[in-house]
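Below is structure25.cif, holding mmCIF, C-alpha atoms.
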```cif
data_protein
#
loop_
_atom_site.label_atom_id
_atom_site.label_comp_id
_atom_site.auth_asym_id
_atom_site.auth_seq_id
_atom_site.Cartn_x
_atom_site.Cartn_y
_atom_site.Cartn_z
CA MET M 1 77.52 76.48 97.57
CA TYR M 2 79.32 79.71 96.66
CA ASP M 3 76.59 81.88 95.11
CA VAL M 4 78.44 84.78 93.49
CA ALA M 5 75.21 86.36 92.20
CA LYS M 6 73.84 86.51 95.74
CA ILE M 7 77.15 87.81 97.05
CA ARG M 8 77.18 90.59 94.45
CA GLY M 9 73.78 91.65 95.76
CA ASP M 10 75.46 92.36 99.11
CA PHE M 11 77.57 95.13 97.55
CA PRO M 12 75.47 98.18 96.58
CA ILE M 13 78.12 99.81 94.40
CA LEU M 14 78.28 96.84 92.02
CA SER M 15 74.85 97.72 90.65
CA ARG M 16 75.91 101.12 89.35
CA GLU M 17 77.10 102.10 85.89
CA VAL M 18 80.28 103.92 84.88
CA ASN M 19 80.34 105.79 81.59
CA GLY M 20 77.03 104.19 80.70
CA LYS M 21 78.39 100.66 81.21
CA PRO M 22 77.90 98.23 84.12
CA LEU M 23 80.76 98.65 86.58
CA VAL M 24 83.41 95.96 86.36
CA TYR M 25 85.49 96.63 89.45
CA LEU M 26 88.95 95.07 89.10
CA ASP M 27 90.91 97.36 91.42
CA ASN M 28 90.51 95.24 94.54
CA GLY M 29 94.27 95.12 95.10
CA ALA M 30 94.17 98.85 95.83
CA SER M 31 90.95 98.82 97.86
CA ALA M 32 87.94 96.50 97.94
CA GLN M 33 84.29 97.50 97.90
CA LYS M 34 82.15 97.24 101.05
CA PRO M 35 79.18 94.94 101.68
CA ARG M 36 75.90 96.34 102.96
CA VAL M 37 76.47 94.83 106.42
CA VAL M 38 79.62 96.92 106.83
CA ILE M 39 77.97 100.08 105.55
CA ASP M 40 75.01 99.52 107.88
CA ALA M 41 77.29 98.83 110.84
CA ILE M 42 79.15 102.09 110.24
CA HIS M 43 75.90 104.04 109.95
CA ARG M 44 74.50 102.45 113.12
CA ALA M 45 77.72 103.13 115.05
CA TYR M 46 77.59 106.83 114.20
CA ALA M 47 73.81 107.30 114.31
CA GLU M 48 72.90 105.26 117.38
CA GLU M 49 75.92 104.08 119.37
CA TYR M 50 78.78 106.55 119.06
CA ALA M 51 80.96 107.50 122.01
CA ASN M 52 84.63 107.32 122.88
CA VAL M 53 85.93 103.98 124.07
CA HIS M 54 87.57 102.81 127.31
CA ARG M 55 87.17 106.07 129.19
CA GLY M 56 83.48 106.32 129.98
CA LEU M 57 81.11 104.51 132.31
CA HIS M 58 77.95 105.56 130.52
CA THR M 59 75.86 103.33 128.29
CA LEU M 60 77.04 104.54 124.90
CA SER M 61 80.71 104.33 125.86
CA ASN M 62 80.18 100.81 127.15
CA ILE M 63 78.51 99.76 123.90
CA ALA M 64 81.26 101.32 121.76
CA THR M 65 83.98 99.80 123.93
CA GLU M 66 82.44 96.34 123.81
CA LYS M 67 82.08 96.41 120.02
CA TYR M 68 85.53 97.89 119.50
CA GLU M 69 87.31 95.45 121.78
CA ALA M 70 85.46 92.49 120.27
CA VAL M 71 87.29 93.15 117.02
CA ARG M 72 90.58 92.11 118.60
CA GLY M 73 89.18 88.63 119.06
CA ILE M 74 87.67 88.61 115.57
CA VAL M 75 91.05 89.46 114.02
CA ALA M 76 92.73 86.76 116.11
CA ARG M 77 90.17 84.20 114.92
CA PHE M 78 90.45 85.35 111.30
CA LEU M 79 94.24 84.91 111.35
CA ASN M 80 94.25 81.96 113.77
CA ALA M 81 96.49 83.80 116.21
CA GLY M 82 97.18 82.08 119.51
CA ARG M 83 95.88 84.87 121.74
CA GLU M 84 93.84 87.99 121.08
CA GLU M 85 96.28 89.92 123.29
CA GLU M 86 98.79 89.49 120.44
CA ILE M 87 96.63 91.69 118.18
CA ILE M 88 97.36 95.43 118.08
CA LEU M 89 94.59 97.44 116.42
CA ASN M 90 95.67 100.31 114.20
CA SER M 91 94.97 102.20 110.97
CA GLY M 92 96.44 99.59 108.64
CA THR M 93 99.56 97.82 107.46
CA THR M 94 101.62 100.97 107.00
CA GLU M 95 101.18 101.94 110.65
CA GLY M 96 101.82 98.36 111.74
CA ILE M 97 105.13 98.09 109.90
CA ASN M 98 106.25 101.52 111.10
CA MET M 99 105.37 100.44 114.65
CA VAL M 100 107.75 97.51 114.31
CA ALA M 101 110.42 99.71 112.72
CA TYR M 102 110.29 102.35 115.44
CA GLY M 103 109.28 100.23 118.41
CA TRP M 104 111.24 97.03 117.87
CA ALA M 105 113.95 97.47 115.22
CA MET M 106 115.20 100.99 115.90
CA PRO M 107 116.14 100.36 119.56
CA ARG M 108 117.75 97.00 118.76
CA LEU M 109 119.58 97.32 115.44
CA GLU M 110 122.99 98.91 115.07
CA ALA M 111 125.10 100.04 112.13
CA GLY M 112 125.97 97.02 110.03
CA ASP M 113 123.02 94.93 111.15
CA GLU M 114 120.99 93.56 108.25
CA ILE M 115 117.36 93.45 107.14
CA ILE M 116 116.46 91.10 104.28
CA LEU M 117 113.78 92.23 101.80
CA SER M 118 112.41 90.74 98.61
CA VAL M 119 112.50 92.88 95.49
CA MET M 120 108.70 92.75 95.20
CA GLU M 121 107.92 94.48 98.50
CA HIS M 122 105.39 97.30 98.62
CA HIS M 123 106.88 100.66 99.56
CA ALA M 124 105.16 100.36 102.95
CA ASN M 125 107.52 97.45 103.64
CA ILE M 126 110.56 99.25 102.24
CA VAL M 127 110.55 102.90 103.29
CA PRO M 128 110.49 102.28 107.09
CA TRP M 129 113.62 100.14 106.70
CA HIS M 130 115.28 102.85 104.61
CA PHE M 131 114.72 105.12 107.61
CA LEU M 132 116.90 102.75 109.63
CA ARG M 133 119.46 102.62 106.81
CA GLU M 134 119.64 106.42 106.67
CA ARG M 135 119.60 107.08 110.40
CA GLN M 136 121.40 104.10 111.92
CA GLY M 137 123.48 102.54 109.17
CA VAL M 138 121.38 99.39 108.91
CA VAL M 139 122.11 97.35 105.76
CA LEU M 140 119.28 96.30 103.43
CA LYS M 141 119.85 93.00 101.61
CA TRP M 142 117.66 92.29 98.57
CA VAL M 143 116.49 88.95 97.21
CA ASP M 144 115.29 88.85 93.60
CA VAL M 145 112.40 86.91 92.10
CA ASP M 146 112.87 84.67 89.04
CA SER M 147 111.50 85.25 85.54
CA THR M 148 108.05 83.92 86.53
CA GLY M 149 107.89 86.17 89.59
CA ALA M 150 108.49 83.34 92.05
CA LEU M 151 110.47 83.97 95.23
CA ASP M 152 112.59 80.97 96.19
CA PRO M 153 112.40 80.64 100.00
CA GLN M 154 115.85 79.08 99.97
CA ALA M 155 117.26 82.24 98.39
CA VAL M 156 115.88 84.21 101.33
CA ILE M 157 117.30 81.71 103.80
CA ASP M 158 120.70 81.73 102.06
CA ALA M 159 120.82 85.52 102.43
CA ILE M 160 120.80 85.20 106.22
CA GLY M 161 124.17 86.15 107.68
CA PRO M 162 125.61 86.56 111.15
CA ARG M 163 124.31 90.14 111.37
CA THR M 164 120.83 89.52 109.97
CA LYS M 165 118.25 90.65 112.50
CA LEU M 166 115.02 90.76 110.49
CA ILE M 167 113.40 89.40 107.35
CA ALA M 168 110.57 91.60 106.05
CA VAL M 169 108.65 89.91 103.25
CA THR M 170 105.26 90.00 101.60
CA HIS M 171 102.99 86.97 101.83
CA LEU M 172 101.51 87.72 98.41
CA SER M 173 102.69 90.22 95.81
CA ASN M 174 100.30 93.07 95.10
CA VAL M 175 101.48 93.21 91.46
CA LEU M 176 102.56 89.71 90.44
CA GLY M 177 100.09 87.76 92.56
CA THR M 178 103.00 85.56 93.68
CA ARG M 179 102.36 83.55 96.84
CA VAL M 180 105.42 83.30 99.09
CA ASP M 181 106.27 80.20 101.13
CA VAL M 182 106.52 82.17 104.34
CA ARG M 183 106.17 79.08 106.52
CA THR M 184 109.51 77.70 105.30
CA ILE M 185 111.17 81.09 105.66
CA CYS M 186 109.87 81.49 109.22
CA ARG M 187 110.90 78.00 110.27
CA GLU M 188 114.49 78.46 109.09
CA ALA M 189 114.70 82.05 110.37
CA ARG M 190 113.48 80.99 113.80
CA ALA M 191 116.17 78.29 113.95
CA ARG M 192 118.75 81.04 113.34
CA GLY M 193 117.28 83.52 115.81
CA VAL M 194 116.10 85.93 113.09
CA ALA M 195 112.74 87.69 113.39
CA VAL M 196 110.28 87.69 110.47
CA LEU M 197 107.75 90.38 109.62
CA ILE M 198 105.14 89.48 107.01
CA ASP M 199 103.13 91.99 105.02
CA GLY M 200 99.78 90.22 104.82
CA SER M 201 97.87 93.03 103.12
CA GLN M 202 97.14 91.00 99.98
CA ALA M 203 97.30 87.41 101.22
CA ALA M 204 94.75 87.78 104.00
CA VAL M 205 92.00 88.74 101.56
CA HIS M 206 92.65 85.96 99.04
CA GLN M 207 93.35 82.86 101.14
CA PRO M 208 93.11 81.39 104.64
CA VAL M 209 95.90 82.56 106.95
CA ASP M 210 97.05 80.39 109.86
CA LEU M 211 99.56 82.28 111.98
CA GLN M 212 100.14 79.36 114.31
CA GLU M 213 101.19 77.29 111.32
CA ILE M 214 103.26 80.06 109.72
CA GLY M 215 105.21 80.87 112.86
CA CYS M 216 106.13 84.51 112.12
CA ASP M 217 106.90 87.23 114.66
CA PHE M 218 104.86 90.01 113.06
CA TYR M 219 101.94 89.89 110.59
CA ALA M 220 100.28 93.08 109.34
CA VAL M 221 96.87 93.46 107.66
CA THR M 222 94.87 96.42 106.42
CA GLY M 223 91.09 96.78 106.63
CA HIS M 224 90.22 98.55 103.39
CA LYS M 225 91.49 95.62 101.32
CA LEU M 226 89.48 93.20 103.50
CA TYR M 227 86.12 94.72 102.49
CA GLY M 228 86.26 96.94 105.57
CA PRO M 229 86.69 100.69 106.08
CA SER M 230 89.82 102.65 105.30
CA GLY M 231 91.76 103.68 108.38
CA SER M 232 91.38 100.26 110.00
CA GLY M 233 93.81 97.38 110.41
CA ALA M 234 95.83 95.32 112.81
CA ILE M 235 99.21 93.76 113.39
CA TYR M 236 99.90 90.46 115.08
CA VAL M 237 102.95 90.50 117.35
CA THR M 238 104.04 87.50 119.37
CA SER M 239 104.10 87.99 123.12
CA ASP M 240 107.89 87.62 123.18
CA ARG M 241 108.42 90.29 120.54
CA MET M 242 105.84 92.55 122.14
CA ALA M 243 107.82 92.40 125.37
CA GLU M 244 110.89 93.62 123.44
CA MET M 245 109.06 96.60 121.88
CA GLN M 246 109.04 100.19 123.01
CA PRO M 247 105.86 102.27 122.49
CA PHE M 248 105.72 103.83 119.07
CA MET M 249 103.47 106.73 120.10
CA GLY M 250 102.58 108.26 123.44
CA GLY M 251 99.20 109.49 124.62
CA GLY M 252 96.02 108.42 126.28
CA ASP M 253 95.02 104.77 126.76
CA MET M 254 98.57 103.42 126.47
CA ILE M 255 99.39 104.48 130.05
CA ARG M 256 98.32 103.49 133.53
CA GLU M 257 99.68 106.49 135.37
CA VAL M 258 101.46 109.73 134.51
CA THR M 259 103.21 111.99 137.02
CA LYS M 260 105.71 114.80 136.64
CA GLU M 261 108.51 112.32 137.19
CA THR M 262 107.34 109.02 135.72
CA VAL M 263 105.16 107.18 133.24
CA ILE M 264 103.72 103.74 133.93
CA TYR M 265 102.64 102.05 130.72
CA ASN M 266 99.52 100.01 130.21
CA ASP M 267 99.79 96.28 129.53
CA PRO M 268 100.21 95.13 125.91
CA PRO M 269 98.55 95.40 123.49
CA MET M 270 97.07 98.64 124.91
CA LYS M 271 100.63 99.84 125.48
CA PHE M 272 100.90 100.29 121.71
CA GLU M 273 97.52 101.93 121.06
CA ALA M 274 97.89 105.60 121.93
CA GLY M 275 95.06 108.10 121.64
CA THR M 276 91.48 107.85 120.48
CA PRO M 277 91.44 105.04 117.90
CA GLY M 278 89.47 104.68 114.71
CA ILE M 279 86.48 103.40 116.65
CA VAL M 280 83.89 103.11 113.92
CA GLN M 281 86.42 102.03 111.30
CA THR M 282 87.56 99.20 113.55
CA ILE M 283 84.00 98.11 114.29
CA GLY M 284 83.40 98.03 110.54
CA LEU M 285 86.53 95.92 110.07
CA GLY M 286 85.20 93.35 112.52
CA VAL M 287 81.93 93.11 110.59
CA ALA M 288 83.84 92.72 107.30
CA LEU M 289 85.98 89.90 108.67
CA GLU M 290 82.93 88.09 110.01
CA TYR M 291 81.30 88.48 106.59
CA MET M 292 84.32 86.84 104.95
CA MET M 293 84.47 84.06 107.53
CA ASP M 294 80.76 83.38 107.02
CA LEU M 295 81.45 82.89 103.31
CA GLY M 296 84.46 80.75 104.22
CA MET M 297 88.00 81.72 103.32
CA ALA M 298 88.56 78.39 101.58
CA ASN M 299 85.45 79.02 99.48
CA ILE M 300 86.64 82.52 98.58
CA ALA M 301 90.06 81.16 97.62
CA ALA M 302 88.52 78.44 95.43
CA HIS M 303 86.29 80.96 93.65
CA GLU M 304 89.18 83.34 93.00
CA ASP M 305 91.50 80.53 91.87
CA ALA M 306 88.87 79.52 89.32
CA LEU M 307 88.73 83.15 88.15
CA ARG M 308 92.51 83.14 87.90
CA ASP M 309 92.55 80.04 85.73
CA TYR M 310 89.82 81.42 83.46
CA THR M 311 91.64 84.76 83.16
CA VAL M 312 94.96 83.08 82.35
CA ALA M 313 93.24 81.15 79.55
CA GLN M 314 91.54 84.24 78.13
CA LEU M 315 94.60 86.49 78.28
CA SER M 316 96.82 83.83 76.73
CA GLY M 317 95.07 84.44 73.42
CA LEU M 318 96.20 88.07 73.36
CA ASN M 319 99.71 87.66 71.96
CA TRP M 320 100.31 91.41 72.09
CA LEU M 321 99.78 91.51 75.87
CA GLN M 322 102.75 90.97 78.20
CA THR M 323 101.77 89.62 81.62
CA GLN M 324 104.12 90.03 84.55
CA GLY M 325 104.00 87.17 87.05
CA THR M 326 103.19 83.71 85.76
CA THR M 327 103.56 81.35 88.71
CA PRO M 328 100.87 78.64 88.43
CA ASP M 329 99.55 79.07 91.98
CA LYS M 330 99.44 82.87 91.91
CA ALA M 331 96.45 84.81 93.18
CA ALA M 332 93.94 86.39 90.81
CA ILE M 333 96.08 89.49 90.28
CA PHE M 334 97.27 90.34 86.78
CA SER M 335 99.84 92.97 85.92
CA PHE M 336 100.30 93.60 82.21
CA THR M 337 101.70 95.89 79.55
CA MET M 338 100.74 96.17 75.88
CA GLU M 339 103.02 95.78 72.93
CA GLY M 340 103.78 99.06 71.19
CA ALA M 341 103.43 102.64 72.39
CA ALA M 342 100.35 102.26 74.57
CA HIS M 343 101.11 103.57 78.06
CA PRO M 344 99.38 101.82 80.98
CA HIS M 345 97.64 105.09 81.84
CA ASP M 346 96.17 105.23 78.31
CA ILE M 347 95.08 101.59 78.53
CA SER M 348 93.41 102.22 81.87
CA THR M 349 91.55 105.22 80.45
CA ILE M 350 90.20 103.19 77.52
CA LEU M 351 89.13 100.39 79.87
CA ASP M 352 87.34 102.92 82.08
CA LYS M 353 85.25 104.00 79.09
CA LYS M 354 83.94 100.43 79.05
CA GLY M 355 83.19 100.53 82.78
CA VAL M 356 86.28 98.47 83.70
CA ALA M 357 88.20 99.79 86.69
CA VAL M 358 91.87 98.77 86.82
CA ARG M 359 94.95 100.34 88.36
CA ALA M 360 97.81 101.83 86.31
CA GLY M 361 101.24 103.00 87.44
CA GLN M 362 104.04 101.68 89.62
CA HIS M 363 101.73 100.21 92.28
CA CYS M 364 104.18 101.32 95.02
CA VAL M 365 106.77 98.72 93.98
CA GLY M 366 109.62 100.77 92.52
CA PRO M 367 112.34 98.13 93.00
CA LEU M 368 110.17 95.46 91.36
CA MET M 369 109.47 97.68 88.36
CA THR M 370 113.21 98.23 87.93
CA HIS M 371 113.83 94.49 88.25
CA MET M 372 111.23 93.77 85.54
CA GLY M 373 112.60 96.48 83.26
CA ILE M 374 109.36 98.47 83.00
CA THR M 375 108.27 101.85 84.31
CA ALA M 376 104.58 101.08 84.86
CA SER M 377 101.89 98.49 84.23
CA CYS M 378 98.15 97.99 84.33
CA ARG M 379 96.80 95.74 87.07
CA ALA M 380 93.51 93.87 87.17
CA SER M 381 92.95 92.45 90.65
CA PHE M 382 89.97 90.27 91.42
CA GLY M 383 87.86 89.88 94.53
CA LEU M 384 85.26 87.56 95.99
CA TYR M 385 82.42 89.15 93.96
CA ASN M 386 84.00 89.11 90.49
CA THR M 387 82.79 86.78 87.73
CA THR M 388 83.96 85.13 84.50
CA ASP M 389 81.56 87.41 82.62
CA GLU M 390 83.58 90.35 83.91
CA VAL M 391 86.77 88.69 82.66
CA ASP M 392 85.17 88.60 79.22
CA VAL M 393 84.38 92.30 79.44
CA LEU M 394 88.00 92.99 80.42
CA VAL M 395 89.27 91.06 77.42
CA GLU M 396 86.90 92.89 75.05
CA ALA M 397 88.05 96.23 76.45
CA LEU M 398 91.71 95.24 76.06
CA GLU M 399 91.08 94.26 72.44
CA LEU M 400 89.51 97.67 71.86
CA ALA M 401 92.50 99.39 73.42
CA HIS M 402 94.88 97.36 71.28
CA ASP M 403 92.96 98.24 68.10
CA LEU M 404 93.07 101.92 68.99
CA PHE M 405 96.84 101.88 69.58
CA ALA M 406 97.82 99.43 66.82
#
```

Please lay out the structure from this file as structure tokens.
Amino acid sequence: MYDVAKIRGDFPILSREVNGKPLVYLDNGASAQKPRVVIDAIHRAYAEEYANVHRGLHTLSNIATEKYEAVRGIVARFLNAGREEEIILNSGTTEGINMVAYGWAMPRLEAGDEIILSVMEHHANIVPWHFLRERQGVVLKWVDVDSTGALDPQAVIDAIGPRTKLIAVTHLSNVLGTRVDVRTICREARARGVAVLIDGSQAAVHQPVDLQEIGCDFYAVTGHKLYGPSGSGAIYVTSDRMAEMQPFMGGGDMIREVTKETVIYNDPPMKFEAGTPGIVQTIGLGVALEYMMDLGMANIAAHEDALRDYTVAQLSGLNWLQTQGTTPDKAAIFSFTMEGAAHPHDISTILDKKGVAVRAGQHCVGPLMTHMGITASCRASFGLYNTTDEVDVLVEALELAHDLFA
């Protein structure tokens, strides 16, 4: 049984008040809160077990190395990757996508080659490809979403041309909550010899991910959204694509031997992990993923889908609220604007007075905002510890904001 009250007790911050009101944290799409087991693991790593990894033969280095390297296997299990050697540990999705841009795409793509993007990509999955457009003449091809926020996989497939080399697409929109049928996209792309990179930053926290079923070439995740520390993350890269990649950064650990004349690189994935890593952050990420797996990703998804359905029903009664993204199977992420002159920043400020934390702004999706014809929105994004009672508080706060701006 999914006991949300017990789960909430695992997160110390959820017991605090904001502006004299119980905290209702609905900014999980930006960054999730951390359970006590993660906080304790970080404290223990610094207080009792800290040393640099890989390079020492002493006890503390061995402990740190063992715990750090174990996370590779935990990530592989969490994503159902075929081999843990296909997991590159890093600071998060942004680094992972840039690694693919610099290490795989830049040496391989020429002027006129194409990268397909959806209009709802996060800037982290746009800007690195603009680098290739600016510096190498690569062409970016955009696929729009429909009026509900759905992305038709066939529209992505139909955009593939003879010079398409990569499809870079989100698995789940950070603003609309739209789930993308990446399995169909990957199957058809693979048949045409086109690589697929998936931004899994949002999907991996809301639903089970099975990389062997999806069949992508690259899949990036970020730790701070997965109830782990900031500065942690990973990217899955198939062995074939990893063999095609050049190192993104040079330094210690990613080499076997350095002389005045030559460099001999380490084996993958170490080849792509230069320098002292985020040791404690990565250890914390492993603990966070194990926490989620203990709860069960299917259980988390069912709880959040129930929250989604309840929220849809409650918001539908607010006829002055415009919700962006209405696909029936969306995740529990709600982007909205308010009829009249109320700016999302003003709405967010009023909600904060009631202890409700939401995000306001462009949410790093400039092209999507232009497509939707708005400049900003508020976003309430739910996590594994949120409740229907908190939805009610959100609705009450929105009604207050509407009354103030009416």

When the PyMOL selection byres ((chain M and resi 95) around 12) is applied to the structure above, which residues does it catch, written out as a PyMOL selection string? chain M and resi 88-94+96-103+124-125+127-128+199+220-222+231-235+248-249+272-273

Which is closer to M:Ala195 than all the others in M:Asp253, M:Asp210, M:Glu85, M:Glu114, using all atoms listed in the file?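 Selected residue with least distance to M:Ala195: M:Glu114.
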
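Residues in contact with stretch 10-14 of chain M at 10 Å, where only C-alpha atoms are counted and same-chain residues fewer than 5 positions away are skipped, are listed as Val4, Ala5, Pro22, Leu23, Val24, Tyr25, Gln33, Lys34, Pro35, Arg36, Val37, Val38, Ile39, Tyr227, Tyr385 and Asn386 of chain M.
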
Can you write out the residues you just picked, keeping C-alpha atoms, as a PDB file, in the frame of the given file?
```pdb
ATOM      1  CA  VAL M   4      78.440  84.780  93.490  1.00  0.00           C
ATOM      2  CA  ALA M   5      75.210  86.360  92.200  1.00  0.00           C
ATOM      3  CA  PRO M  22      77.900  98.230  84.120  1.00  0.00           C
ATOM      4  CA  LEU M  23      80.760  98.650  86.580  1.00  0.00           C
ATOM      5  CA  VAL M  24      83.410  95.960  86.360  1.00  0.00           C
ATOM      6  CA  TYR M  25      85.490  96.630  89.450  1.00  0.00           C
ATOM      7  CA  GLN M  33      84.290  97.500  97.900  1.00  0.00           C
ATOM      8  CA  LYS M  34      82.150  97.240 101.050  1.00  0.00           C
ATOM      9  CA  PRO M  35      79.180  94.940 101.680  1.00  0.00           C
ATOM     10  CA  ARG M  36      75.900  96.340 102.960  1.00  0.00           C
ATOM     11  CA  VAL M  37      76.470  94.830 106.420  1.00  0.00           C
ATOM     12  CA  VAL M  38      79.620  96.920 106.830  1.00  0.00           C
ATOM     13  CA  ILE M  39      77.970 100.080 105.550  1.00  0.00           C
ATOM     14  CA  TYR M 227      86.120  94.720 102.490  1.00  0.00           C
ATOM     15  CA  TYR M 385      82.420  89.150  93.960  1.00  0.00           C
ATOM     16  CA  ASN M 386      84.000  89.110  90.490  1.00  0.00           C
TER      17      ASN M 386
END
```

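If you apply the PyMOL selection byres ((chain M and resi 364) around 10) to this structure, you end up with Met120, Glu121, His122, His123, Ala124, Ile126, Asn174, Val175, Gly361, Gln362, His363, Val365, Gly366, Pro367, Leu368 and Met369 of chain M.
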
Evaluating the PyMOL selection byres ((chain M and resi 323) around 10) on the displayed file yields which residues, as a ChimeraX atom specification? /M:148,176,312,315-316,320-322,324-326,334-338,377-379
